[in-house]
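Each remark here refers to the structure printed beneath this line.
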Amino acid sequence: MRLNNVKVLSFSFLSLLIFSCDNDTPKEVHYAFGSCSNQMFKEQMWDEINQSNPELWIWGGDAVYSDTEDPEYMKEQYRIQKSNPGYQKLLTQSKVIGTWDDHDYGANDAGEEYPMKYESKKMFLDFLDVKEDDVRRSRDGVYTSYNYDYGKASIKVILLDARFFRTKLTPDSTGNKRYLENKDSKGTILGEKQWDWLSDELNNSNANFNIIVSGIQVLSNLHGFESWGNMPHEREKLLKTIANSKAKGTFILSGDRHVCEISKIELENMKYPVYDITSSGLSHSYRNVGREDNPYRVSELIGLRNYAFLNFNLENNYVNVELRGNNNKVLIKQKLQY
């Protein structure tokens with residue numbers, strides 16, 4: 001396997017079984033994804049995740065809960081999470097990458113206005129053991145991409161930053177929802193430079209699968225909490241960017257909501273639908289979620305602790321997605337065929 005053109009020498013035992021030689025394309029590759037893991041909670045699903053033994057773990061945000069403007073306090077929360085025995089075991093057997101959301105960024109639903117975002121960025125990158133010469137160390141935001149080569153096949157992971165550049169949301173003064181839609185086409189989620197970067201990443205991708213990771217939901221847009229639906233013009237721009245790029249096998253991973261569900265949309269000029277797979281949270285869930293409108297939902301809406309397990313079949317070009325709960329019970333499953 002190659003990561004950004006640098007060969008990775010440490011494989012899990014499962015990887016050794018899958019690969020017979022450098023030039024072979026494995027039949028299957030396994031990734032896992034999750035979000036919302038409070039470092040102070042005893043149970044964070046690390047046992048279940050480690051049992052599934054993914055080659056890659058993707059953080060979708062809220063790797064810690066550290067709403068603060070005190071750098072020392074935030075640093076300590078990352079230390080607590082990183083020293084968790086279950087997480088330590090994951091680090092020994094899986095590659096770990098990810099992006100942030102609000103609580104590891106530093107404040108609930110925060111955006112560009114958060115005053116400690118530069119200090120917070122450094123601590124987040126340190127937590128992920130990002131090298132000092134990585135471009136994220138010298139530019140604004142934590143967005144980046146990874147290319148994983150598997151013989152003749154490849155998977156691209158695009159990690160968005162929906163915090164550093166995001167303009168303030170519009171609160172709902174009536175109390176019916178937390179936020180209203182910004183209907184005047186003002187405001188941004190990604191910022192100009194990140195938008196240009198994302199377009200280039202998709203337009204120039206030759207990968208068999210392209211995973212876009214967003215801390216907040218993209219498709220589900222009626223619940224009134226934070227989502228890309230708060231800025232409909234930005235949501236539409238993202239979907240058009242995906243459709244116009246012609247990138248193969250593109251789907252979205254999202255977190256934030258402390259529920260799990262799968263949403264789907266058919267886009268004009270696309271040969272396949274775009275799925276938004278929401279997996280949240282690892283340590284605590286929205287158990288009383290009840291009824292919640294989402295015209296794009298193609299699964300149940302479940303308020304139990306969960307993570308996502310992604311089984312890529314590189315021979316037949318599909319992904320089997322399983323949203324797994326306690327004891328690796330499959331809560332939701334979906335096949336993404338490309």
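Letters for chains follow the order of the structure tokens (A, B, ...), residue numbers begin at 1 for each chain, and ligand numbers begin at 1 in the order shown.
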
Practice item. Would you kindly return, as a ChimeraX atom specification, each protein, DNA or RNA residue with an atom no farther than 6 Å from any atom of range 76-90 of chain A, considering only C-alpha atoms and excluding same-chain residues fewer than 5 positions away? Key: /A:39,46,50

Exercise for review: Just the residues within 12 Å of range 125-133 of chain A, please, counting only C-alpha atoms, with nothing from its chain fewer than 5 positions along; format it as a PyMOL selection string.
Suggested key: chain A and resi 57-59+63-64+74-83+87-88+91+95-100+104-105+118-120+138-139+141-144

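If you measure from each of A:Pro295, A:Gly224, A:Gly215, A:Pro273 to Ala162 in chain A using only C-alpha atoms, the closest one turns out to be A:Gly215.
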
Review point. Contacts of range 168-179 of chain A at 9 Å or less, counting only C-alpha atoms, minus same-chain residues fewer than 6 places along, as a PyMOL selection string?
Key: chain A and resi 109-113+187-188+223-226+230-231

Point to revise | Residues flagged alpha helix (DSSP H) by DSSP in range 56-126 of chain A, as a PyMOL selection string | key: chain A and resi 71-82+85-93+102-105+117-126

Exercise for review: For range 242-259 of chain A, please output as a ChimeraX atom specification all residues within 7 Å (counting only C-alpha atoms; exclusion window: fewer than 6 positions along the same chain).
Suggested key: /A:35-36,60-61,202-203,205,207-217,267,269-270,274-281,284-286,301-304,338

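Computed from the coordinates, the CA of Glu234 in chain A to CA of Ser185 in chain A distance equals 8.0 Å.
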
Exercise for review: Assign secondary structure with DSSP using the backbone only, and return the residues of range 149-295 of chain A in strand (DSSP E) as a VMD selection string.
Suggested key: chain A and resid 149 to 150 153 to 159 170 to 171 179 to 180 209 to 214 250 to 254 260 to 265 274 to 279

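In this model, the gap between CA of Phe164 in chain A and CA of Lys117 in chain A comes to 7.0 Å.
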
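With only C-alpha atoms as the atoms that count, the minimum distance from Asn182 in chain A to the choices A:Ser227, A:Asn327, A:Asn294, A:Thr241 is reached by A:Ser227.
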
Point to revise | Among the residues A:Asp184, A:Glu292, A:Asp161, A:Glu201, the one that comes closest to Ser145 in chain A [using only C-alpha atoms] | key: A:Glu201
